[in-house]
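Single-structure report; data block below.
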Number of protein chains: 2
Amino acid sequence: MPTAASQRPPLSRERVLECAVTLADESGIDALTIRTLAHSMGTKPMSLYYYVANKDEILDGIVDMVFSEIELPAPEGDWREEMELRAHRVRSALRRHPWAVGLLESRSAPGQATLRHHEATLATLRTAGFSVQLTAHAYALLDSYIYGFAVQEAALPFEGRGTAAEITSPIVERFSTGEYPRMVEIAVEHVLKPGYDFGDEFQFGLDLILDGLSRLAGDAD
Amino acid sequence: MPTAASQRPPLSRERVLECAVTLADESGIDALTIRTLAHSMGTKPMSLYYYVANKDEILDGIVDMVFSEIELPAPEGDWREEMELRAHRVRSALRRHPWAVGLLESRSAPGQATLRHHEATLATLRTAGFSVQLTAHAYALLDSYIYGFAVQEAALPFEGRGTAAEITSPIVERFSTGEYPRMVEIAVEHVLKPGYDFGDEFQFGLDLILDGLSRLAGDAD
DNA sequence: TGAGATTACCGTACACTGTACTAAACCGCT
DNA sequence: AGCGGTTTAGTACAGTGTACGGTAATCTCA
């Protein structure tokens, strides 16, 4: 008789983490339980524990998987171009995996891919002539912006262009009292304009930050 | 015989949320379960459900509680001062309640305090002469930075000044291979310097962002 | 060849979670 | 005294992570 195990690709730590990522993408991080994960892989819960110590290790692992998807910046390249590219790459990775930013906060055991990513980013800034101090400042600033933007994006109840109308309707209900005129204004005159996409706001802040860093780095602009 | 109920302040939605906040502060958001919350209030799990519909409502509620702690900016004040103050206030609230930023991502039903806070902030920028567009840009930028900084701060395994040495030791272990020289450099020459506090990085980015906004707002600097 | 060790996987069980359902106790009324 | 709404509890159930132990196949070495 063919066992369940013989009918599917063999288990491995890699495959466990890959399946965990796709499961979290498709059904949300709350749906990522040991049982559903095992079921989605055609196996039983306890089988997974041969490859990972516990669920925390899975969570650490999928965060690192997200970083492993992000192309590394090139330390020899133009720092501004590289940092802009990197910012967009990180953001799009966090948009593909919206649960990741929520995990960042609770995980503090960075994996290999994460460390490599940080190393390459720091190297790019240092190679471009940033002082140690300025590098630390710049990195904290850039990542804060990227992560924070991802948090806001993940909190949005709509996705992308054109579907912004829904979020405002429950808010508009409270507006019969006229309590929030400025929010209405922003909604009507900005967010609800056709073609609006919150994601487009990302470039504005990114440019402002990179401009500021340029000035401090003493570039000839 | 004195019942448990007669020996403690009466339950109320307010008190449930207050106790939920202090429990999350003291023991982490994972420790905030209906059972532990009820126990900490001297009552039984199901009693809480008279005041809140379900746990989600508690989570929404405590996020709003955090916002309610934050003093509102004054729309008539100098916008830059008000925004700087607000940024520090929000950050310190998120530091008092590190679990809050993790909830921001998953909650999308803003409460009264949250809405009031947004309204006051938007009003400050608009009153200062920011266009609707620039207001939206500025707000997204500032909040991204603040939230993202809070995420990073919450992920740090140490708190405040001087205790940074511990985080680096597990990393330093991987450094026998020399794989991460730039991270070592930053650690040794910046993070491990006496008196270093990651929180101090906040002001750097905040100044840079406010400078950039000043320029765009056409101020006389 | 065959016995023992190792690898890969799984069944059962337990303490814990959120919460639906039910019932009891308390309160201010007439 | 007794009624009806308000508040508090008890019990029960499905779902969670995972400790502990077992099984079957594969590998190692005489």
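By convention in this document, the chains of the structure tokens carry letters A, B, ... by their order, each chain's residues are numbered from 1, and ligands are numbered from 1 in the order they are shown.
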
_I need the chain A residues near chain C as a ChimeraX atom specification; criterion: at most 7 Å, counting only C-alpha atoms (C1' of nucleotides)._
/A:44,46-47

Export N, CA and C atoms of the chosen residues as an mmCIF file, in the first residue's frame?
data_model
loop_
_atom_site.group_PDB
_atom_site.id
_atom_site.type_symbol
_atom_site.label_atom_id
_atom_site.label_comp_id
_atom_site.auth_asym_id
_atom_site.auth_seq_id
_atom_site.Cartn_x
_atom_site.Cartn_y
_atom_site.Cartn_z
ATOM 1 N N LYS A 44 1.304 15.023 8.836
ATOM 2 C CA LYS A 44 0.666 15.187 10.123
ATOM 3 C C LYS A 44 1.466 16.151 10.998
ATOM 4 N N MET A 46 2.911 16.378 13.923
ATOM 5 C CA MET A 46 4.162 16.083 14.623
ATOM 6 C C MET A 46 5.332 15.822 13.690
ATOM 7 N N SER A 47 5.032 15.559 12.432
ATOM 8 C CA SER A 47 6.118 15.314 11.485
ATOM 9 C C SER A 47 6.988 16.552 11.299
#

For chain A against chain B, which residues fall within 8 Å using only C-alpha atoms, given as a PDB file with C-alpha atoms, in the first residue's frame?
ATOM      1  CA  GLY A 102       4.053  42.280  12.199  1.00  0.00           C
ATOM      2  CA  LEU A 104       9.560  41.869  12.775  1.00  0.00           C
ATOM      3  CA  GLU A 105       8.443  43.404  16.004  1.00  0.00           C
ATOM      4  CA  SER A 106       8.308  40.183  17.965  1.00  0.00           C
ATOM      5  CA  ARG A 107      11.262  38.296  16.449  1.00  0.00           C
ATOM      6  CA  SER A 108      14.750  39.161  17.555  1.00  0.00           C
ATOM      7  CA  LEU A 115      22.151  39.510   8.272  1.00  0.00           C
ATOM      8  CA  ARG A 116      23.479  39.374   4.713  1.00  0.00           C
ATOM      9  CA  HIS A 118      21.966  44.321   6.506  1.00  0.00           C
ATOM     10  CA  GLU A 119      25.630  43.769   5.790  1.00  0.00           C
ATOM     11  CA  LEU A 122      25.766  48.997   5.447  1.00  0.00           C
ATOM     12  CA  ALA A 123      28.612  48.251   3.064  1.00  0.00           C
ATOM     13  CA  VAL A 132      30.100  55.192  10.736  1.00  0.00           C
ATOM     14  CA  GLN A 133      27.777  57.524  12.593  1.00  0.00           C
ATOM     15  CA  ALA A 136      23.919  54.202  11.484  1.00  0.00           C
ATOM     16  CA  HIS A 137      21.659  57.245  11.394  1.00  0.00           C
ATOM     17  CA  ALA A 138      20.783  56.748   7.746  1.00  0.00           C
ATOM     18  CA  ALA A 140      17.792  53.564  11.120  1.00  0.00           C
ATOM     19  CA  LEU A 141      15.982  56.340   9.283  1.00  0.00           C
ATOM     20  CA  ASP A 143      14.350  51.245   7.661  1.00  0.00           C
ATOM     21  CA  SER A 144      12.044  53.071  10.018  1.00  0.00           C
ATOM     22  CA  TYR A 145      10.402  54.721   7.051  1.00  0.00           C
ATOM     23  CA  ILE A 146      10.134  51.513   5.049  1.00  0.00           C
ATOM     24  CA  TYR A 147       8.800  49.433   7.923  1.00  0.00           C
ATOM     25  CA  GLY A 148       6.401  52.114   9.064  1.00  0.00           C
ATOM     26  CA  PHE A 149       5.068  52.563   5.586  1.00  0.00           C
ATOM     27  CA  ALA A 150       4.544  48.825   5.387  1.00  0.00           C
ATOM     28  CA  VAL A 151       2.657  48.893   8.683  1.00  0.00           C
ATOM     29  CA  GLN A 152       0.318  51.554   7.376  1.00  0.00           C
ATOM     30  CA  ALA A 154      -0.898  46.526   5.825  1.00  0.00           C
ATOM     31  CA  ALA A 155      -3.497  48.270   7.966  1.00  0.00           C
ATOM     32  CA  LEU A 156      -5.340  49.606   4.954  1.00  0.00           C
ATOM     33  CA  PRO A 157      -8.529  47.684   4.360  1.00  0.00           C
ATOM     34  CA  TYR A 180     -13.662  65.382  11.596  1.00  0.00           C
ATOM     35  CA  PRO A 181     -13.690  68.037   8.876  1.00  0.00           C
ATOM     36  CA  ARG A 182      -9.991  67.778   8.011  1.00  0.00           C
ATOM     37  CA  MET A 183     -10.189  64.043   7.496  1.00  0.00           C
ATOM     38  CA  GLU A 185     -11.228  67.135   3.291  1.00  0.00           C
ATOM     39  CA  ILE A 186      -8.247  64.844   2.763  1.00  0.00           C
ATOM     40  CA  GLU A 189      -9.878  66.065  -2.211  1.00  0.00           C
ATOM     41  CA  HIS A 190      -7.042  63.587  -2.217  1.00  0.00           C
ATOM     42  CA  GLU A 201       3.019  58.233  -1.259  1.00  0.00           C
ATOM     43  CA  PHE A 202       6.050  56.070  -0.708  1.00  0.00           C
ATOM     44  CA  PHE A 204       7.501  61.239  -1.822  1.00  0.00           C
ATOM     45  CA  GLY A 205       8.939  60.379   1.564  1.00  0.00           C
ATOM     46  CA  LEU A 208      12.708  63.656   0.854  1.00  0.00           C
ATOM     47  CA  ILE A 209      14.802  61.344   2.992  1.00  0.00           C
ATOM     48  CA  GLY A 212      18.320  65.019   3.191  1.00  0.00           C
TER      49      GLY A 212
END

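Using only C-alpha atoms (C1' of nucleotides), the nearest neighbour of chain D within the list A:Glu71, A:Glu76, A:Asp56, A:Glu82 is A:Asp56.
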
Any chance you could tabulate, as JSON lines, the residues of chain B at most 10 Å from chain D with each one's nearest atom pair and distance in Å to one decimal, using only C-alpha atoms (C1' of nucleotides), in chain and rising number order?
{"residue": "B:Ala4", "atom": "CA", "partner": "D:DT8", "partner_atom": "C1'", "distance": 9.8}
{"residue": "B:Ala5", "atom": "CA", "partner": "D:DT8", "partner_atom": "C1'", "distance": 7.9}
{"residue": "B:Pro10", "atom": "CA", "partner": "D:DT7", "partner_atom": "C1'", "distance": 9.9}
{"residue": "B:Leu11", "atom": "CA", "partner": "D:DT7", "partner_atom": "C1'", "distance": 9.2}
{"residue": "B:Thr43", "atom": "CA", "partner": "D:DT8", "partner_atom": "C1'", "distance": 8.4}
{"residue": "B:Lys44", "atom": "CA", "partner": "D:DA9", "partner_atom": "C1'", "distance": 6.9}
{"residue": "B:Pro45", "atom": "CA", "partner": "D:DA9", "partner_atom": "C1'", "distance": 8.8}
{"residue": "B:Met46", "atom": "CA", "partner": "D:DA9", "partner_atom": "C1'", "distance": 7.4}
{"residue": "B:Ser47", "atom": "CA", "partner": "D:DT8", "partner_atom": "C1'", "distance": 5.8}
{"residue": "B:Leu48", "atom": "CA", "partner": "D:DT8", "partner_atom": "C1'", "distance": 9.4}
{"residue": "B:Tyr50", "atom": "CA", "partner": "D:DT7", "partner_atom": "C1'", "distance": 7.9}

Take the residues from that selection and write them out as an mmCIF file, in the first residue's frame, keeping N, CA and C atoms.
data_model
loop_
_atom_site.group_PDB
_atom_site.id
_atom_site.type_symbol
_atom_site.label_atom_id
_atom_site.label_comp_id
_atom_site.auth_asym_id
_atom_site.auth_seq_id
_atom_site.Cartn_x
_atom_site.Cartn_y
_atom_site.Cartn_z
ATOM 1 N N ALA B 4 -17.100 37.444 45.530
ATOM 2 C CA ALA B 4 -15.924 38.060 44.910
ATOM 3 C C ALA B 4 -16.289 39.424 44.333
ATOM 4 N N ALA B 5 -17.488 39.500 43.792
ATOM 5 C CA ALA B 5 -17.903 40.720 43.117
ATOM 6 C C ALA B 5 -17.992 41.908 44.074
ATOM 7 N N PRO B 10 -16.641 47.752 40.636
ATOM 8 C CA PRO B 10 -17.529 47.108 39.672
ATOM 9 C C PRO B 10 -16.900 47.086 38.279
ATOM 10 N N LEU B 11 -17.260 46.097 37.534
ATOM 11 C CA LEU B 11 -16.747 45.989 36.171
ATOM 12 C C LEU B 11 -17.352 47.074 35.290
ATOM 13 N N THR B 43 -12.354 38.378 38.523
ATOM 14 C CA THR B 43 -13.655 37.872 38.084
ATOM 15 C C THR B 43 -13.438 36.663 37.183
ATOM 16 N N LYS B 44 -14.481 36.206 36.531
ATOM 17 C CA LYS B 44 -14.397 35.014 35.707
ATOM 18 C C LYS B 44 -14.499 35.382 34.224
ATOM 19 N N PRO B 45 -13.934 34.558 33.365
ATOM 20 C CA PRO B 45 -13.850 34.891 31.937
ATOM 21 C C PRO B 45 -15.150 35.429 31.351
ATOM 22 N N MET B 46 -16.231 34.715 31.500
ATOM 23 C CA MET B 46 -17.445 35.084 30.781
ATOM 24 C C MET B 46 -18.045 36.400 31.220
ATOM 25 N N SER B 47 -17.649 36.848 32.396
ATOM 26 C CA SER B 47 -18.193 38.131 32.863
ATOM 27 C C SER B 47 -17.768 39.271 31.958
ATOM 28 N N LEU B 48 -16.588 39.127 31.382
ATOM 29 C CA LEU B 48 -16.086 40.212 30.536
ATOM 30 C C LEU B 48 -16.953 40.420 29.298
ATOM 31 N N TYR B 50 -19.881 40.619 28.932
ATOM 32 C CA TYR B 50 -21.021 41.528 29.056
ATOM 33 C C TYR B 50 -20.626 42.929 28.610
#

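A straight line drawn from CA of Thr114 (chain B) to CA of Arg13 (chain B) is 17.6 Å long.
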
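Going from CA of Arg91 (chain B) over to CA of Val66 (chain B), you cover 11.0 Å.
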
*helix (DSSP H, G or I) per DSSP on the backbone: members of region 169-213 of chain A, as a count of residues only*: 36

*How far is it from CA of Phe67 (chain B) to CA of Val90 (chain B), in Å with one decimal?*
8.0 Å
